[in-house]
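Dumped entry-v2.cif below, it's mmCIF, C-alpha atoms:
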```
data_data
loop_
_atom_site.label_atom_id
_atom_site.label_comp_id
_atom_site.auth_asym_id
_atom_site.auth_seq_id
_atom_site.Cartn_x
_atom_site.Cartn_y
_atom_site.Cartn_z
CA MET A 223 9.19 79.20 6.64
CA ASP A 224 8.43 78.45 3.00
CA ILE A 225 4.69 78.86 2.45
CA THR A 226 4.67 78.53 -1.30
CA THR A 227 4.48 74.75 -1.44
CA VAL A 228 1.34 73.24 -2.94
CA ASN A 229 0.57 71.30 0.23
CA ASP A 230 0.71 74.32 2.49
CA PRO A 231 -2.81 75.30 3.66
CA MET A 232 -2.06 78.99 3.24
CA ILE A 233 -1.87 78.70 -0.53
CA ASP A 234 -4.86 78.21 -2.80
CA THR A 235 -3.97 76.54 -6.06
CA ASN A 236 -5.38 76.85 -9.52
CA ASN A 237 -4.71 73.72 -11.58
CA ASP A 238 -4.38 73.84 -15.33
CA GLU A 239 -3.28 71.11 -17.72
CA GLU A 240 0.42 71.88 -17.63
CA SER A 241 1.24 73.15 -14.16
CA THR A 242 -0.01 74.19 -10.80
CA LEU A 243 -0.12 77.97 -10.54
CA LEU A 244 0.09 79.51 -7.11
CA THR A 245 -2.34 82.43 -7.16
CA ILE A 246 -3.43 83.14 -3.58
CA LEU A 247 -1.13 83.68 -0.62
CA ASP A 248 -2.79 83.71 2.82
CA ALA A 249 -0.30 84.61 5.54
CA SER A 250 -2.84 86.12 7.93
CA SER A 251 -2.71 85.87 11.72
CA TYR A 252 0.92 84.75 11.97
CA GLN A 253 2.09 87.80 13.97
CA LEU A 254 4.95 88.24 11.51
CA HIS A 255 7.31 91.18 11.97
CA ASP A 256 8.71 90.77 8.45
CA LEU A 257 8.19 88.59 5.39
CA ASP A 258 11.74 87.28 5.02
CA SER A 259 10.61 83.68 5.49
CA ILE A 260 7.96 83.88 2.78
CA GLU A 261 8.40 83.35 -0.94
CA PHE A 262 6.32 85.24 -3.48
CA PRO A 263 5.76 83.27 -6.71
CA PRO A 264 5.25 85.59 -9.70
CA THR A 265 1.83 84.09 -10.43
CA LEU A 266 0.21 85.51 -7.28
CA THR A 267 -3.02 87.44 -7.80
CA GLU A 268 -4.04 87.82 -4.15
CA ILE A 269 -2.04 88.40 -0.95
CA ASP A 270 -3.61 88.48 2.51
CA LEU A 271 -1.29 89.67 5.29
CA THR A 272 -4.03 90.48 7.82
CA ALA A 273 -3.22 90.45 11.55
CA ASN A 274 0.55 90.52 11.59
CA ARG A 275 3.07 92.98 13.07
CA LEU A 276 4.35 94.47 9.85
CA THR A 277 5.68 98.03 9.71
CA LYS A 278 7.18 98.14 6.22
CA LEU A 279 6.39 96.76 2.79
CA ASP A 280 8.41 93.93 1.28
CA SER A 281 9.80 95.18 -2.03
CA ARG A 282 9.38 91.76 -3.63
CA ILE A 283 5.63 92.44 -3.77
CA SER A 284 6.38 95.27 -6.20
CA HIS A 285 7.37 92.73 -8.90
CA LEU A 286 4.07 90.78 -8.89
CA SER A 287 2.57 91.97 -12.15
CA ASN A 288 -0.52 89.75 -11.80
CA LEU A 289 -1.49 91.04 -8.36
CA LYS A 290 -5.13 92.13 -8.05
CA LYS A 291 -5.80 92.07 -4.29
CA LEU A 292 -3.54 93.13 -1.43
CA SER A 293 -4.68 93.17 2.19
CA LEU A 294 -2.45 94.72 4.84
CA ARG A 295 -5.25 94.91 7.37
CA GLN A 296 -4.51 94.99 11.10
CA ASN A 297 -0.79 95.63 11.05
CA LEU A 298 1.42 98.47 12.30
CA PHE A 299 1.93 100.47 9.11
CA ASN A 300 2.31 104.24 9.41
CA ASP A 301 2.39 106.72 6.52
CA SER A 302 6.05 106.22 5.69
CA GLY A 303 5.64 102.45 5.91
CA VAL A 304 3.16 102.34 3.01
CA GLU A 305 4.65 105.19 0.98
CA PRO A 306 6.74 102.96 -1.36
CA ILE A 307 3.58 101.44 -2.85
CA SER A 308 2.90 104.69 -4.71
CA GLN A 309 5.94 103.95 -6.92
CA TRP A 310 5.26 100.28 -7.61
CA ASN A 311 4.18 100.58 -11.24
CA THR A 312 4.45 96.85 -11.87
CA ILE A 313 1.39 96.23 -9.66
CA SER A 314 -0.57 99.15 -11.08
CA GLY A 315 -3.31 96.70 -12.09
CA LEU A 316 -4.28 96.26 -8.43
CA GLU A 317 -8.06 96.24 -7.96
CA GLU A 318 -8.38 95.91 -4.18
CA LEU A 319 -6.18 97.56 -1.54
CA VAL A 320 -6.99 97.11 2.15
CA LEU A 321 -5.08 99.19 4.71
CA ARG A 322 -7.72 98.95 7.42
CA ASP A 323 -6.70 99.06 11.08
CA ASN A 324 -3.18 100.47 10.92
CA GLN A 325 -1.60 103.75 12.04
CA LEU A 326 -2.12 105.97 9.00
CA LYS A 327 -2.66 109.69 9.50
CA LYS A 328 -3.32 110.57 5.86
CA ILE A 329 -4.72 109.02 2.68
CA PRO A 330 -1.83 107.27 0.89
CA ASP A 331 -1.06 108.04 -2.74
CA VAL A 332 -2.83 105.39 -4.84
CA SER A 333 -2.82 107.33 -8.12
CA ILE A 334 -0.90 104.62 -10.03
CA PHE A 335 -3.75 102.11 -9.56
CA LYS A 336 -5.84 103.02 -12.60
CA THR A 337 -8.33 100.17 -12.20
CA LEU A 338 -8.76 100.23 -8.41
CA LEU A 339 -12.23 99.02 -7.36
CA ILE A 340 -12.02 98.67 -3.57
CA PHE A 341 -10.04 100.93 -1.21
CA ASP A 342 -10.23 100.52 2.57
CA VAL A 343 -8.46 102.83 5.05
CA SER A 344 -10.91 102.42 7.93
CA PHE A 345 -9.77 102.26 11.57
CA ASN A 346 -6.76 104.54 11.24
CA GLU A 347 -6.02 108.08 12.45
CA ILE A 348 -6.72 109.89 9.19
CA THR A 349 -7.66 113.55 9.68
CA SER A 350 -8.66 114.51 6.14
CA MET A 351 -9.90 113.01 2.87
CA ASN A 352 -7.24 115.01 1.03
CA GLY A 353 -5.51 112.78 -1.49
CA LEU A 354 -8.61 110.95 -2.68
CA SER A 355 -8.83 113.27 -5.67
CA ASN A 356 -5.87 111.33 -7.09
CA ALA A 357 -7.57 107.95 -6.70
CA SER A 358 -8.98 106.31 -9.82
CA SER A 359 -12.52 107.14 -10.91
CA THR A 360 -13.08 103.39 -11.34
CA LEU A 361 -13.55 103.00 -7.56
CA LYS A 362 -16.71 101.12 -6.55
CA GLU A 363 -16.22 100.77 -2.79
CA LEU A 364 -14.58 103.27 -0.44
CA TYR A 365 -14.21 102.68 3.31
CA VAL A 366 -12.93 105.49 5.55
CA SER A 367 -14.78 104.71 8.78
CA LYS A 368 -13.40 105.12 12.30
CA ASN A 369 -11.01 107.95 11.56
CA GLU A 370 -11.01 111.67 12.42
CA VAL A 371 -12.34 113.10 9.15
CA PRO A 372 -14.30 116.38 9.57
CA LYS A 373 -15.46 116.93 5.97
CA ILE A 374 -16.68 114.92 2.96
CA GLU A 375 -14.48 116.01 0.07
CA GLU A 376 -12.44 114.96 -2.98
CA ILE A 377 -14.94 112.28 -4.01
CA GLU A 378 -16.79 114.11 -6.78
CA HIS A 379 -15.07 112.12 -9.55
CA PHE A 380 -16.15 108.70 -8.22
CA HIS A 381 -18.97 108.24 -10.74
CA GLU A 382 -18.88 104.44 -10.35
CA LEU A 383 -18.94 104.40 -6.54
CA GLN A 384 -21.54 102.06 -5.07
CA ILE A 385 -20.56 101.88 -1.37
CA LEU A 386 -19.31 104.78 0.76
CA GLU A 387 -18.53 104.11 4.42
CA LEU A 388 -17.72 107.17 6.56
CA GLY A 389 -19.09 106.11 9.94
CA SER A 390 -17.41 107.11 13.21
CA ASN A 391 -15.74 110.31 12.08
CA ARG A 392 -16.27 114.00 12.86
CA LEU A 393 -18.63 114.91 10.04
CA ARG A 394 -21.19 117.64 10.63
CA VAL A 395 -22.60 118.07 7.11
CA ILE A 396 -23.59 115.69 4.30
CA GLU A 397 -22.10 117.26 1.17
CA ASN A 398 -20.40 116.73 -2.21
CA LEU A 399 -22.38 113.61 -3.08
CA GLN A 400 -24.22 114.94 -6.11
CA ASN A 401 -21.99 113.21 -8.68
CA LEU A 402 -22.22 109.77 -7.07
CA THR A 403 -25.18 108.74 -9.18
CA LYS A 404 -24.53 105.01 -8.79
CA LEU A 405 -24.18 105.08 -5.00
CA GLN A 406 -26.24 102.31 -3.38
CA GLU A 407 -24.98 102.26 0.21
CA LEU A 408 -24.11 105.26 2.39
CA TRP A 409 -22.96 104.64 5.95
CA LEU A 410 -22.65 107.78 8.10
CA GLY A 411 -23.38 106.52 11.61
CA ARG A 412 -21.62 107.92 14.68
CA ASN A 413 -20.91 111.41 13.40
CA ARG A 414 -22.20 114.87 14.33
CA ILE A 415 -24.69 115.39 11.50
CA LYS A 416 -27.70 117.58 12.30
CA SER A 417 -29.77 117.39 9.11
CA ILE A 418 -30.31 115.14 6.09
CA ASP A 419 -29.33 116.43 2.65
CA LEU A 420 -28.46 113.73 0.15
CA CYS A 421 -27.60 116.25 -2.58
CA GLY A 422 -30.43 115.10 -4.83
CA LEU A 423 -29.35 111.45 -4.98
CA LYS A 424 -32.21 109.04 -5.69
CA CYS A 425 -30.22 105.84 -6.11
CA ILE A 426 -29.30 104.97 -2.51
CA LYS A 427 -30.68 101.65 -1.27
CA LYS A 428 -29.10 101.52 2.20
CA LEU A 429 -28.63 104.59 4.40
CA SER A 430 -27.32 104.70 7.95
CA LEU A 431 -27.38 107.87 10.05
CA GLN A 432 -27.43 106.19 13.44
CA SER A 433 -25.98 108.02 16.45
CA ASN A 434 -25.88 111.51 15.01
CA ARG A 435 -27.54 114.76 16.08
CA LEU A 436 -30.67 114.62 13.94
CA THR A 437 -33.86 116.19 15.21
CA SER A 438 -35.79 115.66 11.96
CA MET A 439 -35.92 113.00 9.25
CA LYS A 440 -36.90 115.47 6.53
CA GLY A 441 -34.77 115.20 3.40
CA LEU A 442 -35.49 111.60 2.44
CA GLU A 443 -38.54 112.19 0.26
CA GLU A 444 -36.76 111.76 -3.08
CA CYS A 445 -34.77 108.67 -2.05
CA ILE A 446 -37.30 106.38 -3.64
CA ALA A 447 -34.86 103.49 -4.08
CA LEU A 448 -34.28 103.18 -0.32
CA GLU A 449 -34.67 99.64 1.00
CA GLU A 450 -32.97 99.95 4.40
CA LEU A 451 -32.98 103.07 6.59
CA TYR A 452 -31.21 103.30 9.95
CA LEU A 453 -31.90 106.41 12.07
CA SER A 454 -31.59 105.09 15.63
CA HIS A 455 -30.02 107.01 18.52
CA ASN A 456 -30.88 110.53 17.42
CA GLY A 457 -33.27 113.18 18.73
CA ILE A 458 -36.06 112.76 16.16
CA ALA A 459 -39.53 113.68 17.49
CA LYS A 460 -41.71 113.02 14.42
CA MET A 461 -41.86 110.44 11.64
CA GLU A 462 -42.19 112.26 8.31
CA GLY A 463 -40.99 112.19 4.73
CA LEU A 464 -41.33 108.41 4.53
CA SER A 465 -44.52 107.92 2.52
CA THR A 466 -42.71 108.05 -0.84
CA LEU A 467 -40.20 105.32 0.10
CA SER A 468 -42.20 102.54 -1.50
CA ASN A 469 -39.29 100.08 -1.60
CA LEU A 470 -38.44 100.33 2.10
CA ARG A 471 -37.99 96.91 3.76
CA VAL A 472 -36.14 97.80 6.98
CA LEU A 473 -36.81 100.89 9.10
CA ASP A 474 -34.90 101.51 12.32
CA VAL A 475 -36.00 104.57 14.29
CA SER A 476 -35.25 103.16 17.73
CA SER A 477 -33.88 105.30 20.58
CA ASN A 478 -35.40 108.59 19.48
CA LYS A 479 -38.18 110.81 20.92
CA LEU A 480 -41.07 109.42 18.92
CA ALA A 481 -44.55 109.21 20.46
CA ALA A 482 -46.39 107.93 17.37
CA ILE A 483 -45.86 105.69 14.34
CA GLU A 484 -46.62 107.89 11.35
CA ASP A 485 -46.23 108.34 7.60
CA ILE A 486 -45.61 104.66 6.76
CA GLU A 487 -49.19 103.47 6.19
CA LYS A 488 -48.67 103.47 2.40
CA LEU A 489 -45.50 101.35 2.52
CA THR A 490 -46.20 97.81 1.32
CA CYS A 491 -42.73 96.23 1.43
CA LEU A 492 -41.85 96.85 5.08
CA GLU A 493 -40.58 93.69 6.79
CA ASP A 494 -38.67 95.00 9.81
CA LEU A 495 -39.75 97.91 12.03
CA TRP A 496 -37.48 98.89 14.92
CA PHE A 497 -39.30 101.36 17.18
CA ASN A 498 -37.95 100.35 20.58
CA ASP A 499 -36.79 102.88 23.18
CA ASN A 500 -39.24 105.61 22.21
CA GLN A 501 -42.37 107.10 23.80
CA LEU A 502 -45.26 105.14 22.27
CA ALA A 503 -47.92 104.97 25.00
CA SER A 504 -50.59 102.83 23.34
CA LEU A 505 -51.14 100.22 20.63
CA ASP A 506 -54.34 101.96 19.56
CA GLY A 507 -54.15 102.88 15.90
CA ILE A 508 -51.03 100.85 15.16
CA ALA A 509 -52.93 98.61 12.72
CA GLU A 510 -53.87 101.64 10.66
CA ALA A 511 -50.42 103.21 11.01
CA VAL A 512 -48.78 100.16 9.41
CA SER A 513 -51.76 99.11 7.29
CA GLY A 514 -49.84 98.76 4.03
CA SER A 515 -47.39 96.26 5.54
CA ARG A 516 -49.61 94.35 7.96
CA GLU A 517 -49.28 91.15 5.95
CA LYS A 518 -45.62 91.71 5.09
CA LEU A 519 -44.18 92.66 8.48
CA THR A 520 -42.20 89.82 10.10
CA THR A 521 -40.22 91.67 12.80
CA ILE A 522 -41.22 94.50 15.11
CA TYR A 523 -39.40 95.95 18.10
CA LEU A 524 -41.44 98.05 20.54
CA GLU A 525 -39.74 97.18 23.81
CA HIS A 526 -38.86 100.00 26.20
CA ASN A 527 -41.90 101.99 25.15
CA PRO A 528 -44.71 102.56 27.67
CA CYS A 529 -47.02 100.39 25.53
CA ALA A 530 -44.76 97.36 26.04
CA LYS A 531 -45.94 97.17 29.65
CA LEU A 532 -49.56 96.52 28.65
CA SER A 533 -50.85 93.12 29.73
CA ASP A 534 -52.12 92.22 26.24
CA TYR A 535 -49.05 93.62 24.44
CA LEU A 536 -47.87 90.45 22.68
CA THR A 537 -51.36 89.11 22.02
CA THR A 538 -52.50 92.35 20.40
CA LEU A 539 -49.46 92.60 18.14
CA ARG A 540 -49.82 88.98 16.99
CA GLN A 541 -53.44 89.66 16.12
CA ILE A 542 -52.56 92.79 14.14
CA PHE A 543 -49.67 91.22 12.22
CA PRO A 544 -50.66 87.71 11.04
CA ASN A 545 -47.22 86.80 9.67
CA ILE A 546 -45.11 88.19 12.48
CA GLU A 547 -42.07 86.06 13.33
CA GLN A 548 -40.42 88.18 16.00
CA ILE A 549 -41.64 90.71 18.56
CA ASP A 550 -38.73 92.20 20.48
CA SER A 551 -36.61 89.24 21.61
CA GLU A 552 -39.56 86.85 21.35
CA VAL A 553 -39.28 84.58 18.31
CA PHE A 554 -42.30 82.62 17.07
CA ALA A 555 -42.09 79.38 15.12
#
```
Here is the file; what I need is its structure written in the form of structure tokens.
Amino acid sequence: MDITTVNDPMIDTNNDEESTLLTILDASSYQLHDLDSIEFPPTLTEIDLTANRLTKLDSRISHLSNLKKLSLRQNLFNDSGVEPISQWNTISGLEELVLRDNQLKKIPDVSIFKTLLIFDVSFNEITSMNGLSNASSTLKELYVSKNEVPKIEEIEHFHELQILELGSNRLRVIENLQNLTKLQELWLGRNRIKSIDLCGLKCIKKLSLQSNRLTSMKGLEECIALEELYLSHNGIAKMEGLSTLSNLRVLDVSSNKLAAIEDIEKLTCLEDLWFNDNQLASLDGIAEAVSGSREKLTTIYLEHNPCAKLSDYLTTLRQIFPNIEQIDSEVFA
């Protein structure tokens, strides 16, 4: 199978005045066990090998000096299968490396990639973040979700990091984030975290702590840049520490132990409020509780609260929120 011809749909072409340069190779979803049937033109800048059956790297990739993006997602690579890449100096200009959904048990050595921007090792069997200290400080996005990591470590030098995804691991403590002063998104859902401590960071815009072991939402007061906050499926009994989050647009506190909507009356940007599966008994006082966002709110979820059984439930909410577009699963034109 020769997939380097211009007419082949798996190749994107970049035309210039003198020649047609083959820059993007898409060989995803072919269930390939090896790459013997594929040619690698030296002009390639991107290779996508997602959803194959590969277990070892093809050494011809090591000669592609223009390569910027390499995706090996959803294959059968183990640690020894990806190890050769740490010696491939010719592709040291790589900016994006995706090893998501393989069989890795440790962080591979990516120290030669001095301009790496995106690194994804999610959905593996990695038991430690050891090895990340050797990754380039240029990194902007790091994905280590759905592994078996027990501790946040070896990330202190990532001063340019904007997205950190560590959901579905074994984390118990939020730590070692203090140097990530450009971090905008922090995803920590499905861990074992009991309290919120963002190490003084004030730059985060999106924070997820869904499905942890939180009993309090204290610790968010200084996160004044927050726009989206996800705290569902915890054991939180009181809304607090939210009044300073003036930029908050989305608040999800569903599936907790909350009996009242509190501490958000000053918020004026709130568009989505998810409060379903709690213990709110009445709609009395809800207008005052969300007074700052009454005109702004477009979506509210209160289903599976005692108040949702009231006969005038929908009518009352539509009267309180004049611009509401969705109440629970009910969408209004």
Neighbouring residues of region 517-523 of chain A were defined as those with any atom within 8 Å, considering all atoms listed in the file; residues of the same chain fewer than 5 positions away were excluded. Please report them as a PyMOL selection string. chain A and resi 490-498+543-550
Could you please take those selected residues and save C-alpha atoms as a PDB file, keeping the file's coordinate frame?
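Produced file result.pdb, reproduced below:
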```pdb
ATOM      1  CA  THR A 490     -46.200  97.810   1.320  1.00  0.00           C
ATOM      2  CA  CYS A 491     -42.730  96.230   1.430  1.00  0.00           C
ATOM      3  CA  LEU A 492     -41.850  96.850   5.080  1.00  0.00           C
ATOM      4  CA  GLU A 493     -40.580  93.690   6.790  1.00  0.00           C
ATOM      5  CA  ASP A 494     -38.670  95.000   9.810  1.00  0.00           C
ATOM      6  CA  LEU A 495     -39.750  97.910  12.030  1.00  0.00           C
ATOM      7  CA  TRP A 496     -37.480  98.890  14.920  1.00  0.00           C
ATOM      8  CA  PHE A 497     -39.300 101.360  17.180  1.00  0.00           C
ATOM      9  CA  ASN A 498     -37.950 100.350  20.580  1.00  0.00           C
ATOM     10  CA  PHE A 543     -49.670  91.220  12.220  1.00  0.00           C
ATOM     11  CA  PRO A 544     -50.660  87.710  11.040  1.00  0.00           C
ATOM     12  CA  ASN A 545     -47.220  86.800   9.670  1.00  0.00           C
ATOM     13  CA  ILE A 546     -45.110  88.190  12.480  1.00  0.00           C
ATOM     14  CA  GLU A 547     -42.070  86.060  13.330  1.00  0.00           C
ATOM     15  CA  GLN A 548     -40.420  88.180  16.000  1.00  0.00           C
ATOM     16  CA  ILE A 549     -41.640  90.710  18.560  1.00  0.00           C
ATOM     17  CA  ASP A 550     -38.730  92.200  20.480  1.00  0.00           C
TER      18      ASP A 550
END
```
Residues within 10 Å of Lys440 (chain A), please, as a list in words. Count only C-alpha atoms; anything in the same chain fewer than 3 positions from it doesn't count.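 What passes the distance filter is Ser417, Ile418, Asp419, Leu436, Thr437, Glu443, Lys460, Met461, Glu462, Gly463 and Leu464 of chain A.
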Near Ser250 (chain A), within 9 Å and counting only C-alpha atoms, which residues show up once chain neighbours fewer than 5 positions away are dropped, as a PDB file with C-alpha atoms, in the coordinates of the input?
```
ATOM      1  CA  MET A 232      -2.060  78.990   3.240  1.00  0.00           C
ATOM      2  CA  ASP A 270      -3.610  88.480   2.510  1.00  0.00           C
ATOM      3  CA  LEU A 271      -1.290  89.670   5.290  1.00  0.00           C
ATOM      4  CA  THR A 272      -4.030  90.480   7.820  1.00  0.00           C
ATOM      5  CA  ALA A 273      -3.220  90.450  11.550  1.00  0.00           C
ATOM      6  CA  ASN A 274       0.550  90.520  11.590  1.00  0.00           C
TER       7      ASN A 274
END
```
Residues within 12 Å of (-4.4, 108.2, 8.0), file coordinates, counting only C-alpha atoms: what are they? Give the list as a ChimeraX atom specification. /A:299-305,321-331,342-354,366-371
Given the file above and the PyMOL selection byres ((chain A and resi 362) around 6), which residues are selected, and can you give them as a list of chain:residue names?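 What the PyMOL selection byres ((chain A and resi 362) around 6) grabs from the file is A:Leu339, A:Leu361, A:Glu363, A:Glu382, A:Leu383, A:Gln384.
The space separating CA of Glu317 (chain A) from CA of Leu451 (chain A) comes to 29.7 Å.
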Quick check on the file I pasted: which residues fall under the PyMOL selection byres ((chain A and resi 455) around 9)? Write them as number ranges by chain. A: 431-436, 453-454, 456-458, 475-478
Which of these, A:Ser468, A:Gln406, A:Ser314, A:Gln253, has the shortest distance to Leu429 (chain A) once you count all atoms listed in the file?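 Counting all atoms listed in the file, the residue closest to Leu429 (chain A) is A:Gln406.
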What separates CA of Cys421 (chain A) and CA of Leu480 (chain A) is a distance of 26.3 Å
For CA of Leu386 (chain A) and CA of Arg414 (chain A), quote the distance in Å rounded to one decimal.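 Between these atoms lies a distance of 17.2 Å.
Residue selection for this entry, given the PyMOL selection byres ((chain A and resi 334) around 12), comprises A:Pro306, A:Ile307, A:Ser308, A:Gln309, A:Trp310, A:Asn311, A:Thr312, A:Ile313, A:Ser314, A:Gly315, A:Leu316, A:Glu317, A:Pro330, A:Asp331, A:Val332, A:Ser333, A:Phe335, A:Lys336, A:Thr337, A:Leu338, A:Asn356, A:Ala357, A:Ser358, A:Ser359.
Distance annotation: of A:Ser515, A:Leu289, A:Ala482, A:Leu502, the residue with the minimal separation from Asn469 (chain A) is A:Ser515; atom set is all atoms listed in the file.
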